[in-house]
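So the structure is just underneath, and the comments pick up after that.
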Protein chains: 2
Amino acid sequence: MTNPIGIISMQFVRPFTRADLGLFQHIRDLGFDFVELLVPEREDDLDLEETAKALGDANLDVVLAARVNLKRSIASEDAGCRQGGLDYLNYCVDVASALGARIIGGPLYGEPLVFAGRAPTPWTDEEIRRRAERTIEGLADAAPAAARAGCVFALEALNRFETDIVSTTAQAINVADAVNNPGLGLVLDTFHMNMEERSIADAIRTAGPRVVHFQANENHRGFPGTGHLDWPVIMKALADIGYRGPISLEPFRRNDDRVGLPIAHWRAPREDETGKLTAGLALIRSCLAMAEAAQ
Amino acid sequence: MTNPIGIISMQFVRPFTRADLGLFQHIRDLGFDFVELLVPEREDDLDLEETAKALGDANLDVVLAARVNLKRSIASEDAGCRQGGLDYLNYCVDVASALGARIIGGPLYGEPLVFAGRAPTPWTDEEIRRRAERTIEGLADAAPAAARAGCVFALEALNRFETDIVSTTAQAINVADAVNNPGLGLVLDTFHMNMEERSIADAIRTAGPRVVHFQANENHRGFPGTGHLDWPVIMKALADIGYRGPISLEPFRRNDDRVGLPIAHWRAPREDETGKLTAGLALIRSCLAMAEAAQ
């Protein structure tokens, strides 16, 4: 299995601006095939044409990660926020076209919990039904434009503390099957799956051909191979479903835990992580190779 | 190993009031040795003397779980909130004495994240240092009173989305060792450890004699045995450290996942869970027995 393997730009810097375009060559030199970039905001200091050129110069592919919020939420009960969510998804397709990206991954449905400072609140069965309906309606609206542009949205289930819309692979499958459009697939992230699935490998096999993107993150979100996820078994499950798509690493838990430090908040690297990054990349590649060799 | 095994009252009902005292006999009949009760608030409809009598009548032990918040936080920069945190910890000792409980577990240090609708914010190194110092000072103040009353506080590390004070076993050990008082030990919860530790078994062995309470929760917080935690290995680690204390189950993830449902919010049971509870209890007991038999 020769799936492209990539790294998220946040591993190195955040926010990512035109001053950071030189990172693309560094990422290529580390051995990665693509970079996962947050969809730039209009006000970000990042020119799309210049970024596309830098990607080409480094011979690096790109996958996009959407950034939704309560104002751009297709699940919202507020019509303005729902429209904001749709407008944003359409904007993501425009950015993907400009950058040559084929995949736009992420939660897509807005309504973040902890990262919006929002507590998990009870909903009535009727409210739950309406939130699910609006999520499906919004994605059904947005997916065809992605397909027409040669792109695909990759719907991501987030753990229970990050969203109350789609938290399990089964729920993500429900949404994708209800939308049933080539412009919508799934991205699976083992960090979230570690918290919500009975079996990560079984969930991968159940999602099957719906999977268009994959994020290989350790249980504690450190470097793959430093935690308790069973990487040979996970890569074998990807082989079982014939997955040939991209695999991202996002190991940005830093090696500086102290009492009083917010682990959930992004922190800049405090040391050169090159050795751990290349070892993590080699681990995932070798598990993929074994999954293929031992089929 | 004949550790007492208990179940949290939230498995059945929340809030727990005097109308629910009959649950103690039900819990005993299910085969549990103790109930884990949230420390009743003064305004709760729960009389301590009546509760103690009901526990005795059912021949059921009790472990307490403290409920801190931003107004009762020994880690707070606000002196009034810090005093609120100390007053609350002292109140917990009084309640424990009235109920015959020996262990008061929980985060203890306040400052919740997602459950207080608070987003993880960056802190400066100096702020991190001060938050750690205040946490240690507060527990050093509170622990001796617990010890004098024959009780012990059990400090709990919570996952990154629930707190930004103590999230790993290593951090909890740092705090306990700085306080260094018989009134303060640790409670380890495998649900949180699944998200934050490199190896749950190694973390148990490192914590060693500091462990005074243990919560055996599945990776997805459903019934033990339905997820990917390696229960024989975890119980073997408890045997390795000679742990003879209580083990709580809190499998209150309900079997009703739907798109739009907040998994992080407590929900009442929707079905009779007796079969799964007794099977989960038998699993933990059998792993303990094997750990002892195969030492």
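A note on labels: chains of the structure tokens are A, B, ... as shown, every chain counts residues from 1, and ligands are counted from 1 in their shown order.
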
Produce a table with one row for each residue of segment 12-46 of chain A that has an atom at most 10 Å from any atom of segment 89-100 of chain A, each row naming the nearest atom pair and its distance in Å at one decimal; use only C-alpha atoms; arrange rows by chain and rising residue number; format as JSON lines.
```
{"residue": "A:Val39", "atom": "CA", "partner": "A:Cys92", "partner_atom": "CA", "distance": 6.7}
{"residue": "A:Pro40", "atom": "CA", "partner": "A:Val95", "partner_atom": "CA", "distance": 8.0}
{"residue": "A:Glu41", "atom": "CA", "partner": "A:Tyr91", "partner_atom": "CA", "distance": 9.6}
{"residue": "A:Arg42", "atom": "CA", "partner": "A:Tyr91", "partner_atom": "CA", "distance": 9.6}
```

Contacts of chain B with chain A up to 6 Å, shortest pair per row, only C-alpha atoms, as a tab-separated table:
```
residue	atom	partner	partner_atom	distance
B:Val114	CA	A:Val114	CA	4.8
B:Phe115	CA	A:Ala119	CA	5.3
B:Gly117	CA	A:Ala119	CA	4.3
B:Arg118	CA	A:Gly117	CA	4.4
B:Ala119	CA	A:Gly117	CA	4.3
B:Pro120	CA	A:His265	CA	5.5
B:Ile128	CA	A:Gly260	CA	4.9
B:Arg131	CA	A:Gly260	CA	5.6
B:Ala132	CA	A:Gly260	CA	5.2
B:Arg160	CA	A:Ala264	CA	5.2
B:Asp164	CA	A:Pro262	CA	4.2
B:Ile165	CA	A:Gly260	CA	4.0
B:Val166	CA	A:Val259	CA	5.6
B:Gln171	CA	A:Val259	CA	5.4
B:Met195	CA	A:His220	CA	5.1
B:Glu196	CA	A:His220	CA	4.7
B:Arg198	CA	A:Gly227	CA	4.1
B:Asn219	CA	A:Met195	CA	5.5
B:His220	CA	A:Glu196	CA	4.7
B:Gly227	CA	A:Arg198	CA	4.1
B:Val259	CA	A:Ala132	CA	5.4
B:Gly260	CA	A:Ile165	CA	4.0
B:Leu261	CA	A:Asp164	CA	5.7
B:Pro262	CA	A:Asp164	CA	4.2
B:Ile263	CA	A:Arg160	CA	5.4
B:Ala264	CA	A:Arg160	CA	5.1
B:His265	CA	A:Pro120	CA	5.5
```

Strand (DSSP E or B) call set, DSSP backbone run, segment 28-235 of chain A, as number ranges by chain
A: 34-38, 61-65, 69, 72, 103-106, 112, 152-156, 163, 184-189, 211-215

Env of Leu108 of chain A: 8 Å cut, atoms = only C-alpha atoms, seq-sep filter 4 positions within chain, self excluded. Answer as a PyMOL selection string.
chain A and resi 66-68+73-74+89+155-156

Keeping only N, CA, C and O atoms, write the selected residues to a file as a PDB file, in the first residue's frame.
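Done, and the output landed in part00.pdb:
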```
ATOM      1  N   ALA A  66     -11.365  22.039   6.981  1.00  0.00           N
ATOM      2  CA  ALA A  66     -12.320  23.135   7.139  1.00  0.00           C
ATOM      3  C   ALA A  66     -12.399  23.564   8.606  1.00  0.00           C
ATOM      4  O   ALA A  66     -12.192  22.766   9.510  1.00  0.00           O
ATOM      5  N   ARG A  67     -12.681  24.840   8.807  1.00  0.00           N
ATOM      6  CA  ARG A  67     -12.807  25.389  10.163  1.00  0.00           C
ATOM      7  C   ARG A  67     -14.194  25.987  10.359  1.00  0.00           C
ATOM      8  O   ARG A  67     -14.418  27.162  10.053  1.00  0.00           O
ATOM      9  N   VAL A  68     -15.117  25.217  10.829  1.00  0.00           N
ATOM     10  CA  VAL A  68     -16.472  25.710  11.058  1.00  0.00           C
ATOM     11  C   VAL A  68     -16.570  26.307  12.456  1.00  0.00           C
ATOM     12  O   VAL A  68     -15.682  26.157  13.280  1.00  0.00           O
ATOM     13  N   SER A  73     -22.625  27.270  10.647  1.00  0.00           N
ATOM     14  CA  SER A  73     -23.042  25.950  11.097  1.00  0.00           C
ATOM     15  C   SER A  73     -24.305  25.510  10.375  1.00  0.00           C
ATOM     16  O   SER A  73     -25.391  26.053  10.611  1.00  0.00           O
ATOM     17  N   ILE A  74     -24.173  24.518   9.517  1.00  0.00           N
ATOM     18  CA  ILE A  74     -25.350  24.010   8.807  1.00  0.00           C
ATOM     19  C   ILE A  74     -26.338  23.348   9.758  1.00  0.00           C
ATOM     20  O   ILE A  74     -27.497  23.143   9.412  1.00  0.00           O
ATOM     21  N   LEU A  89     -18.832  26.393   3.222  1.00  0.00           N
ATOM     22  CA  LEU A  89     -18.503  25.146   2.514  1.00  0.00           C
ATOM     23  C   LEU A  89     -18.271  25.422   1.035  1.00  0.00           C
ATOM     24  O   LEU A  89     -17.353  24.854   0.414  1.00  0.00           O
ATOM     25  N   LEU A 155     -16.434  14.166   5.794  1.00  0.00           N
ATOM     26  CA  LEU A 155     -17.118  14.431   7.068  1.00  0.00           C
ATOM     27  C   LEU A 155     -16.375  13.729   8.200  1.00  0.00           C
ATOM     28  O   LEU A 155     -16.095  12.534   8.122  1.00  0.00           O
ATOM     29  N   GLU A 156     -16.098  14.473   9.275  1.00  0.00           N
ATOM     30  CA  GLU A 156     -15.330  13.917  10.387  1.00  0.00           C
ATOM     31  C   GLU A 156     -16.183  13.836  11.648  1.00  0.00           C
ATOM     32  O   GLU A 156     -16.807  14.822  12.051  1.00  0.00           O
TER      33      GLU A 156
END
```

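Here atom CA of Val212 of chain B is placed at a distance of 6.5 Å from atom CA of Ala154 of chain B.
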
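Using only C-alpha atoms, the nearest neighbour of Gly280 of chain A within the list A:Gly31, A:Leu70, A:Gly150, A:Glu36 is A:Gly31.
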
Test item, helix (DSSP H, G or I) assignment across segment 184-251 of chain B, answer as a PyMOL selection string
chain B and resi 190-196+200-210+231-240

Residues at most 7 Å from Leu64 of chain B, counting only C-alpha atoms, excluding those fewer than 4 positions away in the same chain, as a PyMOL selection string?
chain B and resi 36-39+101+103-105

Selection from above, C-alpha atoms, as a PDB file, in the first residue's frame, can you write it?
```pdb
ATOM      1  CA  GLU B  36     -20.055   5.787  44.593  1.00  0.00           C
ATOM      2  CA  LEU B  37     -22.136   8.841  45.526  1.00  0.00           C
ATOM      3  CA  LEU B  38     -21.661  12.447  44.479  1.00  0.00           C
ATOM      4  CA  VAL B  39     -21.094  14.490  47.647  1.00  0.00           C
ATOM      5  CA  ALA B 101     -17.057   7.023  53.788  1.00  0.00           C
ATOM      6  CA  ILE B 103     -12.465   8.030  50.339  1.00  0.00           C
ATOM      7  CA  ILE B 104     -13.325  11.371  48.705  1.00  0.00           C
ATOM      8  CA  GLY B 105     -12.319  11.256  45.059  1.00  0.00           C
TER       9      GLY B 105
END
```

Write out as a JSON list (two decimals) with C-alpha atoms, in the first residue's frame the residues lying within 8 Å of segment 52-58 of chain A, counting only C-alpha atoms and excluding same-chain residues fewer than 2 positions away.
```
[["chain", "number", "residue", "atom", "x", "y", "z"],
["A", 21, "LEU", "CA", 5.63, 28.82, 2.56],
["A", 22, "GLY", "CA", 9.20, 27.57, 2.81],
["A", 24, "PHE", "CA", 6.55, 22.98, 2.12],
["A", 25, "GLN", "CA", 10.04, 22.04, 0.99],
["A", 28, "ARG", "CA", 8.81, 17.22, 1.42],
["A", 48, "LEU", "CA", -3.80, 31.31, -2.87],
["A", 49, "GLU", "CA", -1.90, 31.64, -6.14],
["A", 50, "GLU", "CA", 1.41, 32.05, -4.32],
["A", 60, "LEU", "CA", 3.86, 18.56, -2.43],
["A", 61, "ASP", "CA", 0.15, 17.69, -2.53],
["A", 62, "VAL", "CA", -2.37, 19.34, -0.23],
["A", 98, "ALA", "CA", -7.37, 27.37, -6.40],
["A", 99, "LEU", "CA", -4.87, 25.20, -4.49],
["A", 100, "GLY", "CA", -5.37, 21.99, -6.43]]
```

Find the spatial neighbours of segment 9-13 of chain A, counting only C-alpha atoms, within a cut-off of 10 Å - ignore same-chain residues fewer than 2 positions away - and output them as a tab-separated table (two decimals) with N, CA, C and O atoms, in the first residue's frame.
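Result written to result_24.tsv:
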```tsv
chain	number	residue	atom	x	y	z
A	6	GLY	N	0.84	12.39	4.86
A	6	GLY	CA	1.05	13.83	5.01
A	6	GLY	C	1.15	14.25	6.46
A	6	GLY	O	1.00	13.44	7.38
A	7	ILE	N	1.38	15.53	6.65
A	7	ILE	CA	1.52	16.11	7.99
A	7	ILE	C	0.76	17.42	8.02
A	7	ILE	O	0.74	18.16	7.03
A	15	PRO	N	-0.65	30.72	13.33
A	15	PRO	CA	-1.25	30.49	12.02
A	15	PRO	C	-0.17	30.33	10.94
A	15	PRO	O	0.97	30.73	11.13
A	16	PHE	N	-0.61	29.76	9.83
A	16	PHE	CA	0.28	29.54	8.69
A	16	PHE	C	0.10	30.72	7.74
A	16	PHE	O	-0.99	30.96	7.24
A	17	THR	N	1.16	31.48	7.49
A	17	THR	CA	1.08	32.66	6.63
A	17	THR	C	2.08	32.54	5.48
A	17	THR	O	2.83	31.56	5.39
A	20	ASP	N	5.54	31.37	5.89
A	20	ASP	CA	5.81	29.95	6.20
A	20	ASP	C	5.83	29.06	4.97
A	20	ASP	O	5.94	27.84	5.09
A	23	LEU	N	8.12	26.12	4.43
A	23	LEU	CA	7.92	24.85	5.14
A	23	LEU	C	7.56	23.71	4.19
A	23	LEU	O	7.82	22.54	4.51
A	24	PHE	N	6.96	24.04	3.05
A	24	PHE	CA	6.55	22.98	2.12
A	24	PHE	C	7.75	22.13	1.71
A	24	PHE	O	7.68	20.91	1.65
A	27	ILE	N	8.80	19.94	4.57
A	27	ILE	CA	7.88	18.81	4.74
A	27	ILE	C	8.17	17.74	3.70
A	27	ILE	O	8.18	16.54	4.00
A	35	VAL	N	0.77	18.10	2.51
A	35	VAL	CA	0.56	18.88	3.73
A	35	VAL	C	-0.94	19.01	3.93
A	35	VAL	O	-1.70	19.14	2.97
A	36	GLU	N	-1.38	18.91	5.19
A	36	GLU	CA	-2.78	19.22	5.49
A	36	GLU	C	-2.82	20.65	6.00
A	36	GLU	O	-2.18	20.99	7.00
A	37	LEU	N	-3.55	21.48	5.26
A	37	LEU	CA	-3.62	22.92	5.57
A	37	LEU	C	-5.02	23.26	6.06
A	37	LEU	O	-6.01	22.80	5.49
A	38	LEU	N	-5.12	24.09	7.09
A	38	LEU	CA	-6.41	24.68	7.43
A	38	LEU	C	-6.84	25.56	6.26
A	38	LEU	O	-6.01	26.25	5.66
A	249	LEU	N	-0.82	12.74	9.48
A	249	LEU	CA	-0.37	12.71	10.87
A	249	LEU	C	-0.57	14.10	11.48
A	249	LEU	O	-0.34	15.11	10.82
A	250	GLU	N	-1.02	14.12	12.74
A	250	GLU	CA	-1.21	15.39	13.46
A	250	GLU	C	-0.71	15.23	14.90
A	250	GLU	O	-1.45	15.47	15.85
A	251	PRO	N	0.56	14.84	15.07
A	251	PRO	CA	1.04	14.53	16.43
A	251	PRO	C	1.51	15.76	17.18
A	251	PRO	O	2.64	15.81	17.67
A	252	PHE	N	0.64	16.75	17.34
A	252	PHE	CA	1.12	18.00	17.93
A	252	PHE	C	0.90	18.11	19.44
A	252	PHE	O	0.81	19.21	19.96
A	253	ARG	N	0.85	16.98	20.11
A	253	ARG	CA	1.00	17.06	21.57
A	253	ARG	C	2.48	17.25	21.87
A	253	ARG	O	3.32	16.47	21.43
A	254	ARG	N	2.79	18.29	22.63
A	254	ARG	CA	4.20	18.62	22.84
A	254	ARG	C	4.77	17.91	24.07
A	254	ARG	O	4.04	17.55	24.98
A	266	TRP	N	-3.53	24.29	21.52
A	266	TRP	CA	-2.36	24.14	20.66
A	266	TRP	C	-1.18	24.91	21.23
A	266	TRP	O	-1.33	26.04	21.70
A	267	ARG	N	-0.01	24.27	21.21
A	267	ARG	CA	1.22	24.94	21.62
A	267	ARG	C	2.26	24.80	20.53
A	267	ARG	O	2.28	23.80	19.83
A	268	ALA	N	3.09	25.80	20.42
A	268	ALA	CA	4.19	25.74	19.44
A	268	ALA	C	5.20	24.69	19.88
A	268	ALA	O	5.33	24.41	21.07
A	269	PRO	N	5.90	24.08	18.91
A	269	PRO	CA	6.94	23.11	19.29
A	269	PRO	C	8.01	23.77	20.15
A	269	PRO	O	8.34	24.94	19.95
A	272	ASP	N	13.22	20.41	18.45
A	272	ASP	CA	13.27	19.86	17.10
A	272	ASP	C	12.64	18.48	17.13
A	272	ASP	O	13.10	17.58	17.83
A	273	GLU	N	11.53	18.30	16.39
A	273	GLU	CA	10.79	17.04	16.42
A	273	GLU	C	11.09	16.16	15.21
A	273	GLU	O	10.36	15.21	14.95
A	277	LEU	N	9.22	12.68	14.07
A	277	LEU	CA	8.34	12.75	12.90
A	277	LEU	C	8.74	11.70	11.86
A	277	LEU	O	7.87	11.00	11.31
```

I want to know what sits within 10 Å of Ala282 of chain B, based on only C-alpha atoms, with residues of the same chain fewer than 6 positions away left out; could you give that as a ChimeraX atom specification?
/B:31,224,276,288

Between atom CA of Gly80 of chain A and atom CA of Ala142 of chain A, what distance in Å does the model show, to one decimal?
15.9 Å
